[in-house]
Structure formats: C-alpha cells, structure tokens
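K.L.:
Next comes the structure file model-v1.csv, holding CSV, C-alpha atoms.
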chain,number,residue,atom,x,y,z
O,1,MET,CA,9.5,3.1,-24.6
O,2,LYS,CA,8.7,1.0,-21.5
O,3,LEU,CA,5.4,0.0,-23.0
O,4,ASP,CA,7.1,-1.1,-26.2
O,5,LYS,CA,9.6,-3.2,-24.3
O,6,TYR,CA,6.7,-4.8,-22.3
O,7,MET,CA,4.7,-5.6,-25.5
O,8,LYS,CA,7.7,-7.3,-27.0
O,9,ASN,CA,7.5,-9.9,-24.2
O,10,LYS,CA,4.9,-12.2,-25.7
O,11,ARG,CA,4.2,-14.1,-22.6
O,12,ALA,CA,3.6,-10.9,-20.6
O,13,LYS,CA,1.5,-9.5,-23.4
O,14,VAL,CA,-0.8,-12.5,-23.6
O,15,SER,CA,-1.0,-12.7,-19.8
O,16,TRP,CA,-2.2,-9.0,-19.8
O,17,TYR,CA,-4.9,-9.8,-22.3
O,18,ILE,CA,-6.1,-12.8,-20.3
O,19,LEU,CA,-6.2,-10.8,-17.1
O,20,VAL,CA,-8.2,-8.0,-18.7
O,21,VAL,CA,-10.7,-10.5,-20.1
O,22,MET,CA,-11.1,-12.2,-16.7
O,23,PHE,CA,-11.6,-8.9,-14.9
O,24,VAL,CA,-14.0,-7.5,-17.5
O,25,LEU,CA,-16.1,-10.7,-17.4
O,26,SER,CA,-16.2,-10.6,-13.6
O,27,LEU,CA,-17.3,-7.0,-13.7
O,28,PHE,CA,-20.4,-8.1,-15.6
O,29,SER,CA,-21.2,-11.0,-13.3
O,30,GLU,CA,-24.8,-9.8,-12.6
O,31,ILE,CA,-25.4,-9.8,-16.4
O,32,ILE,CA,-23.8,-13.2,-17.1
O,33,ALA,CA,-25.0,-15.1,-14.0
O,34,ASN,CA,-28.1,-14.2,-12.1
O,35,ASP,CA,-31.4,-15.6,-11.0
O,36,LYS,CA,-33.2,-12.4,-12.0
O,37,PRO,CA,-34.2,-11.7,-15.6
O,38,LEU,CA,-32.2,-9.2,-17.6
O,39,MET,CA,-35.5,-7.8,-19.0
O,40,VAL,CA,-39.2,-8.4,-18.5
O,41,LYS,CA,-42.0,-7.3,-20.7
O,42,TYR,CA,-45.2,-7.3,-18.7
O,43,ASP,CA,-48.5,-5.7,-19.7
O,44,GLY,CA,-46.8,-3.9,-22.5
O,45,GLN,CA,-44.1,-2.3,-20.2
O,46,TYR,CA,-40.4,-3.2,-20.0
O,47,TYR,CA,-38.8,-3.8,-16.6
O,48,PHE,CA,-35.2,-4.6,-15.7
O,49,PRO,CA,-35.1,-6.7,-12.5
O,50,VAL,CA,-31.3,-6.9,-12.6
O,51,PHE,CA,-31.1,-3.2,-11.8
O,52,LYS,CA,-34.3,-2.6,-9.8
O,53,VAL,CA,-36.2,-4.7,-7.3
O,54,TYR,CA,-39.8,-5.6,-8.1
O,55,THR,CA,-42.2,-7.2,-5.6
O,56,ASP,CA,-44.0,-10.5,-6.0
O,57,ALA,CA,-47.3,-8.8,-6.0
O,58,PHE,CA,-46.2,-6.5,-8.9
O,59,PHE,CA,-46.2,-9.6,-11.2
O,60,GLY,CA,-49.4,-11.0,-9.9
O,61,GLY,CA,-48.1,-12.8,-6.8
O,62,ASP,CA,-49.4,-12.6,-3.2
O,63,PHE,CA,-46.4,-11.2,-1.2
O,64,PRO,CA,-44.9,-7.8,-0.9
O,65,THR,CA,-41.4,-9.2,-0.9
O,66,GLU,CA,-39.0,-9.4,-3.8
O,67,ALA,CA,-40.3,-11.5,-6.7
O,68,ASN,CA,-38.9,-15.0,-7.2
O,69,TYR,CA,-38.7,-15.4,-10.9
O,70,LYS,CA,-38.2,-19.1,-10.7
O,71,ASP,CA,-41.6,-19.5,-8.9
O,72,VAL,CA,-44.2,-21.2,-11.2
O,73,LEU,CA,-46.9,-18.7,-10.5
O,74,ILE,CA,-44.6,-15.7,-11.4
O,75,LYS,CA,-43.4,-17.5,-14.5
O,76,GLU,CA,-46.9,-18.2,-15.7
O,77,ASN,CA,-48.1,-14.6,-15.1
O,78,ILE,CA,-45.2,-13.1,-17.0
O,79,GLU,CA,-45.5,-15.6,-19.9
O,80,GLU,CA,-49.3,-14.9,-20.2
O,81,ASN,CA,-48.7,-11.1,-20.2
O,82,GLY,CA,-45.3,-10.9,-22.0
O,83,TYR,CA,-42.0,-12.6,-21.7
O,84,MET,CA,-38.7,-12.4,-19.8
O,85,VAL,CA,-35.0,-12.7,-20.9
O,86,MET,CA,-32.8,-14.6,-18.5
O,87,PRO,CA,-29.0,-14.4,-18.3
O,88,LEU,CA,-26.7,-16.9,-19.8
O,89,ILE,CA,-26.4,-18.6,-16.4
O,90,GLU,CA,-29.7,-18.6,-14.6
O,91,PHE,CA,-28.1,-18.7,-11.1
O,92,SER,CA,-26.5,-16.2,-8.9
O,93,TYR,CA,-23.6,-17.0,-6.5
O,94,ASN,CA,-26.0,-17.7,-3.6
O,95,THR,CA,-28.8,-19.3,-5.5
O,96,VAL,CA,-29.6,-22.8,-4.3
O,97,ASP,CA,-31.1,-25.0,-7.0
O,98,ILE,CA,-33.9,-26.7,-5.2
O,99,GLU,CA,-35.2,-28.2,-8.5
O,100,LEU,CA,-32.4,-30.7,-8.9
O,101,ASN,CA,-33.3,-34.3,-8.4
O,102,GLU,CA,-29.8,-35.5,-7.3
O,103,PRO,CA,-27.8,-35.0,-4.1
O,104,PHE,CA,-25.4,-32.1,-3.7
O,105,PRO,CA,-22.8,-31.6,-5.0
O,106,SER,CA,-24.1,-32.5,-8.4
O,107,LYS,CA,-22.1,-33.3,-11.5
O,108,PRO,CA,-21.5,-30.8,-14.4
O,109,SER,CA,-24.4,-30.7,-16.8
O,110,LEU,CA,-26.2,-28.4,-19.3
O,111,ARG,CA,-28.0,-26.9,-16.4
O,112,HIS,CA,-24.8,-26.3,-14.3
O,113,TRP,CA,-21.8,-26.3,-16.5
O,114,LEU,CA,-19.3,-26.8,-13.7
O,115,GLY,CA,-21.7,-28.6,-11.4
O,116,THR,CA,-22.9,-27.4,-8.0
O,117,ASP,CA,-21.2,-27.2,-4.6
O,118,GLU,CA,-22.2,-29.0,-1.4
O,119,GLU,CA,-25.0,-26.5,-0.8
O,120,GLY,CA,-26.5,-26.7,-4.3
O,121,ARG,CA,-25.1,-23.4,-5.6
O,122,ASP,CA,-23.7,-23.1,-9.2
O,123,ILE,CA,-19.9,-23.3,-9.2
O,124,LEU,CA,-19.4,-21.2,-12.3
O,125,ALA,CA,-21.5,-18.4,-10.9
O,126,ARG,CA,-19.6,-18.5,-7.7
O,127,ILE,CA,-16.3,-18.4,-9.6
O,128,LEU,CA,-17.4,-15.4,-11.6
O,129,TYR,CA,-18.4,-13.4,-8.5
O,130,GLY,CA,-15.4,-14.7,-6.5
O,131,VAL,CA,-12.9,-13.6,-9.2
O,132,ARG,CA,-14.3,-10.1,-9.0
O,133,LEU,CA,-14.2,-10.0,-5.2
O,134,SER,CA,-10.6,-11.3,-5.2
O,135,PHE,CA,-9.6,-8.7,-7.8
O,136,VAL,CA,-11.2,-5.8,-5.9
O,137,PHE,CA,-9.8,-6.9,-2.6
O,138,ALA,CA,-6.3,-7.4,-3.9
O,139,LEU,CA,-6.4,-4.1,-5.8
O,140,ALA,CA,-7.5,-2.2,-2.7
O,141,LEU,CA,-4.8,-4.0,-0.6
O,142,THR,CA,-2.1,-3.3,-3.1
O,143,PHE,CA,-2.9,0.4,-3.5
O,144,LEU,CA,-3.2,1.1,0.2
O,145,SER,CA,-0.3,-1.0,1.4
O,146,SER,CA,1.9,0.5,-1.4
O,147,PHE,CA,0.9,4.0,-0.5
O,148,ILE,CA,1.7,3.6,3.2
O,149,GLY,CA,4.9,1.6,2.5
O,150,ILE,CA,6.2,4.2,0.1
O,151,LEU,CA,5.3,7.1,2.4
O,152,ILE,CA,7.1,5.5,5.4
O,153,GLY,CA,10.1,4.5,3.4
O,154,ALA,CA,10.4,7.9,1.9
O,155,ILE,CA,10.4,9.6,5.3
O,156,GLN,CA,13.0,7.1,6.6
O,157,GLY,CA,15.3,7.6,3.7
O,158,TYR,CA,15.0,11.3,3.2
O,159,PHE,CA,15.4,12.4,6.8
O,160,GLY,CA,17.7,9.6,8.0
O,161,GLY,CA,19.3,9.9,11.5
O,162,LYS,CA,17.0,9.3,14.5
O,163,VAL,CA,13.9,9.3,12.3
O,164,ASP,CA,15.3,6.4,10.3
O,165,ILE,CA,16.5,4.5,13.3
O,166,VAL,CA,13.2,4.8,15.3
O,167,LEU,CA,11.0,3.8,12.3
O,168,GLN,CA,13.4,0.9,11.3
O,169,ARG,CA,13.3,-0.6,14.8
O,170,PHE,CA,9.5,-0.2,14.8
O,171,ILE,CA,9.2,-2.0,11.5
O,172,GLU,CA,11.4,-4.8,12.7
O,173,ILE,CA,9.3,-5.3,15.8
O,174,TRP,CA,6.1,-5.0,13.8
O,175,ASP,CA,7.2,-7.6,11.2
O,176,SER,CA,8.0,-10.1,14.0
O,177,MET,CA,4.4,-10.1,15.3
O,178,PRO,CA,2.5,-13.4,14.6
O,179,GLN,CA,0.1,-12.4,11.9
O,180,MET,CA,-2.0,-15.6,12.1
O,181,PHE,CA,-2.6,-15.2,15.8
O,182,VAL,CA,-3.8,-11.6,15.3
O,183,LEU,CA,-6.2,-12.8,12.6
O,184,ILE,CA,-7.6,-15.5,14.8
O,185,ILE,CA,-8.2,-12.9,17.6
O,186,VAL,CA,-9.8,-10.5,15.2
O,187,ALA,CA,-12.0,-13.3,13.8
O,188,SER,CA,-13.1,-14.3,17.3
O,189,ILE,CA,-14.1,-10.7,18.2
O,190,PHE,CA,-15.5,-9.3,15.0
O,191,VAL,CA,-17.6,-10.8,12.3
O,192,PRO,CA,-15.2,-11.0,9.3
O,193,SER,CA,-16.1,-8.7,6.5
O,194,PHE,CA,-14.5,-7.2,3.4
O,195,THR,CA,-13.4,-4.1,5.3
O,196,THR,CA,-12.3,-5.9,8.5
O,197,LEU,CA,-10.0,-8.3,6.5
O,198,LEU,CA,-8.7,-5.5,4.4
O,199,CYS,CA,-7.7,-3.5,7.5
O,200,VAL,CA,-6.1,-6.5,9.2
O,201,LEU,CA,-4.1,-7.6,6.2
O,202,LEU,CA,-3.1,-3.9,5.6
O,203,LEU,CA,-1.6,-3.8,9.0
O,204,PHE,CA,1.0,-6.4,8.0
O,205,SER,CA,1.4,-5.8,4.2
O,206,TRP,CA,2.5,-2.2,4.1
O,207,THR,CA,6.1,-3.0,5.0
O,208,GLU,CA,6.8,-4.9,1.7
O,209,LEU,CA,8.0,-1.8,-0.2
O,210,THR,CA,9.4,0.2,2.7
O,211,SER,CA,12.9,-1.1,2.7
O,212,MET,CA,13.3,-0.7,-1.1
O,213,VAL,CA,12.0,2.9,-1.1
O,214,ARG,CA,14.1,3.8,2.0
O,215,ALA,CA,17.3,2.6,0.3
O,216,GLU,CA,16.5,4.6,-2.8
O,217,PHE,CA,15.9,7.8,-0.8
O,218,LEU,CA,19.0,7.2,1.3
O,219,ARG,CA,21.0,7.0,-2.0
O,220,ALA,CA,19.3,9.9,-3.8
O,221,ARG,CA,19.3,12.5,-1.0
O,222,ASN,CA,23.0,13.0,-1.5
O,223,PHE,CA,22.8,13.7,-5.2
O,224,GLU,CA,23.9,17.0,-6.5
O,225,TYR,CA,20.5,18.1,-7.8
O,226,VAL,CA,18.9,17.3,-4.5
O,227,LYS,CA,21.5,19.4,-2.6
O,228,ALA,CA,21.0,22.2,-5.2
O,229,ALA,CA,17.3,22.2,-4.6
O,230,LYS,CA,17.8,22.4,-0.8
O,231,ALA,CA,20.2,25.3,-1.3
O,232,MET,CA,17.6,27.1,-3.4
O,233,GLY,CA,15.1,26.8,-0.5
O,234,VAL,CA,12.8,24.2,-2.1
O,235,GLY,CA,10.7,22.5,0.6
O,236,HIS,CA,11.2,19.0,1.8
O,237,PHE,CA,7.9,17.7,0.5
O,238,ARG,CA,8.5,19.1,-3.0
O,239,ILE,CA,12.0,17.6,-3.1
O,240,MET,CA,10.7,14.2,-2.0
O,241,VAL,CA,7.8,14.1,-4.5
O,242,ARG,CA,9.3,15.8,-7.5
O,243,HIS,CA,13.0,14.9,-7.4
O,244,ILE,CA,13.5,11.6,-5.6
O,245,LEU,CA,10.2,9.7,-5.7
O,246,PRO,CA,10.1,9.1,-9.5
O,247,ASN,CA,13.4,7.2,-9.2
O,248,ALA,CA,12.1,5.2,-6.2
O,249,LEU,CA,8.9,4.3,-8.1
O,250,VAL,CA,10.9,2.5,-10.8
O,251,SER,CA,11.8,-0.3,-8.5
O,252,SER,CA,8.5,-0.2,-6.6
O,253,ILE,CA,6.3,-0.6,-9.7
O,254,THR,CA,7.9,-3.9,-10.7
O,255,PHE,CA,6.8,-5.4,-7.4
O,256,LEU,CA,3.1,-4.4,-7.6
O,257,PRO,CA,1.9,-7.4,-9.6
O,258,PHE,CA,3.5,-9.7,-7.1
O,259,ILE,CA,1.9,-7.8,-4.2
O,260,PHE,CA,-1.4,-8.1,-6.1
O,261,ALA,CA,-1.0,-11.9,-6.4
O,262,GLY,CA,-0.2,-12.1,-2.7
O,263,GLY,CA,-3.4,-10.3,-1.8
O,264,ILE,CA,-5.4,-12.9,-3.8
O,265,VAL,CA,-3.5,-15.8,-2.1
O,266,ALA,CA,-4.0,-14.2,1.4
O,267,LEU,CA,-7.8,-13.8,1.0
O,268,SER,CA,-8.2,-17.3,-0.4
O,269,ALA,CA,-6.1,-18.8,2.3
O,270,LEU,CA,-8.1,-17.1,5.1
O,271,ASP,CA,-11.3,-18.2,3.5
O,272,PHE,CA,-10.0,-21.8,3.3
O,273,LEU,CA,-9.1,-21.8,7.0
O,274,GLY,CA,-12.5,-20.3,8.0
O,275,LEU,CA,-11.0,-17.0,9.1
O,276,GLY,CA,-12.0,-15.0,6.1
O,277,LEU,CA,-15.3,-13.9,4.6
O,278,GLY,CA,-18.6,-15.6,5.6
O,279,GLN,CA,-21.1,-17.5,3.6
O,280,ASN,CA,-22.7,-14.2,2.3
O,281,TYR,CA,-19.6,-13.7,0.1
O,282,PRO,CA,-18.6,-15.6,-3.1
O,283,SER,CA,-15.3,-16.9,-1.8
O,284,LEU,CA,-12.7,-18.8,-3.9
O,285,GLY,CA,-11.2,-20.0,-0.7
O,286,ASP,CA,-14.4,-21.6,0.3
O,287,LEU,CA,-14.5,-23.5,-3.0
O,288,ILE,CA,-11.0,-24.8,-2.2
O,289,ARG,CA,-12.2,-26.0,1.2
O,290,GLN,CA,-15.2,-27.7,-0.5
O,291,GLY,CA,-12.9,-29.4,-3.0
O,292,LYS,CA,-10.8,-30.8,-0.1
O,293,ASP,CA,-13.8,-32.0,1.8
O,294,ASN,CA,-15.6,-33.5,-1.2
O,295,LEU,CA,-12.9,-35.6,-3.0
O,296,HIS,CA,-15.8,-37.7,-4.5
O,297,ALA,CA,-16.8,-34.5,-6.4
O,298,PRO,CA,-13.5,-33.7,-8.2
O,299,TRP,CA,-15.1,-31.0,-10.4
O,300,ILE,CA,-15.1,-28.6,-7.5
O,301,GLY,CA,-11.4,-28.9,-6.8
O,302,LEU,CA,-10.4,-29.0,-10.5
O,303,SER,CA,-12.5,-25.9,-11.3
O,304,ILE,CA,-11.1,-23.7,-8.6
O,305,PHE,CA,-7.5,-25.1,-9.1
O,306,PHE,CA,-7.6,-24.1,-12.8
O,307,VAL,CA,-9.0,-20.6,-12.1
O,308,LEU,CA,-6.6,-19.7,-9.3
O,309,SER,CA,-3.6,-21.2,-11.2
O,310,LEU,CA,-4.6,-19.1,-14.2
O,311,MET,CA,-5.0,-15.9,-12.2
O,312,LEU,CA,-1.8,-16.2,-10.3
O,313,SER,CA,0.2,-17.4,-13.3
O,314,VAL,CA,-0.8,-14.4,-15.5
O,315,LEU,CA,-0.1,-12.0,-12.6
O,316,ILE,CA,3.4,-13.5,-12.2
O,317,PHE,CA,4.1,-13.3,-15.9
O,318,ILE,CA,2.9,-9.7,-16.0
O,319,GLY,CA,5.2,-8.9,-13.0
O,320,GLU,CA,8.1,-10.4,-14.9
O,321,GLY,CA,7.3,-8.4,-18.0
O,322,VAL,CA,7.1,-5.2,-16.0
O,323,ARG,CA,10.4,-5.9,-14.3
O,324,ASP,CA,12.1,-6.6,-17.6
O,325,ALA,CA,10.6,-3.5,-19.2
O,326,TRP,CA,12.0,-1.3,-16.3
O,327,ASP,CA,15.4,-3.1,-16.3
O,328,LYS,CA,18.0,-0.7,-17.7
O,329,LYS,CA,20.4,-3.6,-18.4
O,330,LYS,CA,17.9,-5.0,-20.9
Let me see whether you can do it: turn the structure in this file into structure tokens.
P.N.:
Amino acid sequence: MKLDKYMKNKRAKVSWYILVVMFVLSLFSEIIANDKPLMVKYDGQYYFPVFKVYTDAFFGGDFPTEANYKDVLIKENIEENGYMVMPLIEFSYNTVDIELNEPFPSKPSLRHWLGTDEEGRDILARILYGVRLSFVFALALTFLSSFIGILIGAIQGYFGGKVDIVLQRFIEIWDSMPQMFVLIIVASIFVPSFTTLLCVLLLFSWTELTSMVRAEFLRARNFEYVKAAKAMGVGHFRIMVRHILPNALVSSITFLPFIFAGGIVALSALDFLGLGLGQNYPSLGDLIRQGKDNLHAPWIGLSIFFVLSLMLSVLIFIGEGVRDAWDKKK
C-alpha cells in the first residue's frame, strides 16, 4: 500500500530511478574509469589487471613494481603478444595525464570528456568515484546515527522520569557544543580519514531523530495494549521493540532521505574547507574548491554543481515521496 502510494508520485518515482542509476554506475567505477585494462591477452593467456596486480616484469618490463599500462614499452610488448581492452574512460580518479600538451586544468575534449582538474586528473573519473564515496559515507552515517538516535529516544520516552530528564539535559548540552571547532581540533590531531570523519560527524548527528522517537514513546507507553502487555509480564525490551517501535518508525523513516542528503552535504563541505578527506580520496568537495579557485576553468565548477544539485534534488524528492506515502491524511 505504501509502495503503491509512493509510485503514484511521479516526481519521487523518477527521482528514485535516477538515484539507483547513479549509485549503480558509481559501484562499477573501476570498470568504467580506470588506467588499467579490463582484460589482457598475453602469450595466449588471459589476465584481468582490474582485479589482480601484475608486475612490470610480467609483461616484459624491467621493474618488479606494478605495471604501468600507459608505458610505451608495456604497450608494445602486449600488442606484439596479444591485445588489451581498456575501460570506457582510460583514467582513474588519481591518474595524472602527463601526455597532455596543454596546461592544467585542460578543457573538455574527446580524451577528457569533462576536462581535467588543476592537477591533470580526469574530472569525470573523479566524479564517478566521488559519488560512490559520498553515497557510502552518507549511508553509513545515516544508518549509525539513526540507530543511536532511535535507541536513545526510545529509552527516554519509555522509561520517562529521571532517565528522561537526565538524557534530555545531556542532549541539550551536547547539541550546544561547537561542531566546527571540534572538527578543527580533530583535523589538527589526526590525519582525516573515512573512519575518523564518520566518527566525528556521528557524534553530532545522532540527535536528529531522538526527540521525535522520544515523543512517540511518551505517547504510546500509556496506551491500553502497552499496559496490558506489562500486566501480562512481558519484558520492557519486547514491549519497546514489538509494540511501540513500529509506530515510532513511521515518522522516523520519512526523515531518512533528508539525513542522507545532509551526510553528503557535510562531507562535501568539510572537503571544501580542507578539514575532510585528503588527496588520496576522490572528493566532490575538493572539486568544489577547485571550481572556486579556477574561475577561468568553468567546466570544473559547472560539472560538480550539476552532479551535486542532481544528487541532492533527487534525495529531497524521494524524501517528500516517502513522507506523503506514510501520511495518513493523504
């Protein structure tokens, strides 16, 4: 029933399809954009460098390190003894195109469909990998923060009294802490990484659903069926999970797409300010910074603006569709 109501919302339905396509394409980033061949036939044998590392000496080179498939010697050796199949985009997110004869950032061309950034890396490849990174980060942040927030809100609302008062005062103090200062301190002490940023943002994002779940549990704990379950000796945990939580999840689910979008914005903003992931990660926020710093190369700013606008717009439309599907008044 809820799914049928959601699918009747054409804007939300189309947004869902767009989001799925973007996510699936990003999952196959290594297949679409890579500086390694998808397949190599060499001396009658088939090899798959995308999934396995082969040394330079393995293909007739001189070094025991990983083969550089753009090296002239490696190319010639493979072509003389077989062939190789390259991806659609022959650059990974960190591949610097040293063969370009123009300064970086270079304009869009048949070689680089969206041009290169200020370090000579393919923008389209960085966007593909960056979208996947943003999706995974936002998904992990949404799941963990929602789990903690729902758990704390359920404890507050169900037990009430002193438990509710103590936790509510703690949340009020916690929410008043300057998040940006904490991030600056963490960035100055630790090298920012995926896990570090996830933990820091999780410290401040778990409170988003707490008040909503708390209010639902405060309301539902006085219902007759809850009192009857207590009178029958049913345990607190079972009552919370089986009898009250399903009702509380109705309002919580409608907020998940918005929390997801907030996770993408938070990661991009931190990368833009230089407090996020380093150069070893394909960062959408770093492309925003490059677009600001290189106004003479508008293809950088326009590309990342279109991608982020599309991602956030479809997430908002999906959130609106979910909210309308769960709205009993409609």
K.L.:
For CA of Met84 (chain O) and CA of Arg111 (chain O), quote the distance in Å rounded to one decimal.
P.N.:
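Between these atoms lies a distance of 18.3 Å.
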K.L.:
Considering all atoms listed in the file, state which residue in the set O:Leu302, O:Ile185, O:Ile78, O:Ala261 is at the smallest distance from Val314 (chain O).
P.N.:
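Counting all atoms listed in the file, the residue closest to Val314 (chain O) is O:Ala261.
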K.L.:
With all atoms listed in the file counted and 12 Å as the cut-off, give the residues of region 123-164 of chain O in contact with region 30-33 of chain O, each with its shortest interatomic distance in Å and the pair that gives it, as a Markdown table.
P.N.:
| residue | atom | partner | partner_atom | distance |
| --- | --- | --- | --- | --- |
| O:Ile123 | CA | O:Ala33 | CA | 10.8 |
| O:Leu124 | CA | O:Ala33 | CA | 8.5 |
| O:Ala125 | CA | O:Ala33 | CA | 5.7 |
| O:Arg126 | CA | O:Ala33 | CA | 9.0 |
| O:Ile127 | CA | O:Ala33 | CA | 10.3 |
| O:Leu128 | CA | O:Ala33 | CA | 8.0 |
| O:Tyr129 | CA | O:Glu30 | CA | 8.4 |
| O:Arg132 | CA | O:Glu30 | CA | 11.1 |
K.L.:
Using only C-alpha atoms, which protein or nucleic acid residues come within 8 Å of Ile171 (chain O)? Drop anything in the same chain fewer than 4 positions from it, and give the result as a list in words.
P.N.:
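Final neighbour list, sorted by chain and number: Leu167, Asp175 and Thr207 of chain O.
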K.L.:
Report, in Å to a single decimal, how far apart CA of Pro178 (chain O) and CA of Leu203 (chain O) are.
P.N.:
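Computed distance, CA of Leu203 (chain O) to CA of Pro178 (chain O), equals 11.8 Å.
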K.L.:
Could you give me region 162-171 of chain O completed to all heavy atoms, formatted as a compact mmCIF listing (two decimals), keeping the file's coordinate frame?
P.N.:
# COMPACT_ATOMS: atom_id res chain seq x y z
N LYS O 162 17.90 9.88 13.44
CA LYS O 162 17.00 9.30 14.50
C LYS O 162 15.69 8.86 13.92
O LYS O 162 15.12 7.85 14.36
CB LYS O 162 16.84 10.30 15.61
CG LYS O 162 18.12 10.62 16.39
CD LYS O 162 17.83 11.60 17.52
CE LYS O 162 19.10 11.90 18.30
NZ LYS O 162 18.84 12.87 19.41
N VAL O 163 15.18 9.63 12.95
CA VAL O 163 13.90 9.30 12.30
C VAL O 163 13.99 7.88 11.69
O VAL O 163 13.12 7.02 11.87
CB VAL O 163 13.46 10.32 11.31
CG1 VAL O 163 12.20 9.87 10.58
CG2 VAL O 163 13.23 11.66 11.98
N ASP O 164 15.06 7.67 10.97
CA ASP O 164 15.30 6.40 10.30
C ASP O 164 15.46 5.26 11.30
O ASP O 164 14.88 4.17 11.14
CB ASP O 164 16.49 6.50 9.38
CG ASP O 164 16.75 5.22 8.61
OD1 ASP O 164 15.77 4.50 8.31
OD2 ASP O 164 17.92 4.93 8.30
N ILE O 165 16.23 5.51 12.35
CA ILE O 165 16.50 4.50 13.30
C ILE O 165 15.23 4.05 14.08
O ILE O 165 14.93 2.86 14.24
CB ILE O 165 17.58 4.93 14.34
CG1 ILE O 165 18.93 5.10 13.64
CG2 ILE O 165 17.70 3.95 15.50
CD1 ILE O 165 20.01 5.68 14.52
N VAL O 166 14.45 5.05 14.52
CA VAL O 166 13.20 4.80 15.30
C VAL O 166 12.23 3.99 14.40
O VAL O 166 11.65 2.96 14.83
CB VAL O 166 12.60 6.07 15.79
CG1 VAL O 166 11.22 5.80 16.38
CG2 VAL O 166 13.49 6.70 16.84
N LEU O 167 12.01 4.46 13.18
CA LEU O 167 11.00 3.80 12.30
C LEU O 167 11.54 2.39 11.91
O LEU O 167 10.73 1.46 11.80
CB LEU O 167 10.81 4.63 11.05
CG LEU O 167 9.97 5.90 11.25
CD1 LEU O 167 9.90 6.70 9.96
CD2 LEU O 167 8.57 5.54 11.73
N GLN O 168 12.84 2.23 11.70
CA GLN O 168 13.40 0.90 11.30
C GLN O 168 13.22 -0.09 12.46
O GLN O 168 12.86 -1.25 12.22
CB GLN O 168 14.84 1.05 10.93
CG GLN O 168 15.42 -0.18 10.25
CD GLN O 168 14.75 -0.48 8.93
OE1 GLN O 168 14.16 0.40 8.32
NE2 GLN O 168 14.82 -1.73 8.50
N ARG O 169 13.46 0.34 13.70
CA ARG O 169 13.30 -0.60 14.80
C ARG O 169 11.79 -0.93 14.99
O ARG O 169 11.44 -2.06 15.32
CB ARG O 169 13.78 0.09 16.12
CG ARG O 169 15.24 0.41 16.17
CD ARG O 169 16.13 -0.85 16.17
NE ARG O 169 16.39 -1.34 14.83
CZ ARG O 169 17.28 -0.81 13.99
NH1 ARG O 169 17.98 0.25 14.35
NH2 ARG O 169 17.48 -1.34 12.80
N PHE O 170 10.91 0.05 14.76
CA PHE O 170 9.50 -0.20 14.80
C PHE O 170 9.05 -1.24 13.79
O PHE O 170 8.27 -2.15 14.08
CB PHE O 170 8.69 1.09 14.66
CG PHE O 170 7.21 0.88 14.54
CD1 PHE O 170 6.43 0.62 15.65
CD2 PHE O 170 6.59 0.94 13.29
CE1 PHE O 170 5.05 0.42 15.52
CE2 PHE O 170 5.23 0.75 13.16
CZ PHE O 170 4.45 0.49 14.28
N ILE O 171 9.56 -1.09 12.57
CA ILE O 171 9.20 -2.00 11.50
C ILE O 171 9.70 -3.43 11.81
O ILE O 171 9.01 -4.43 11.56
CB ILE O 171 9.77 -1.53 10.14
CG1 ILE O 171 9.03 -0.26 9.71
CG2 ILE O 171 9.64 -2.59 9.07
CD1 ILE O 171 9.62 0.40 8.48
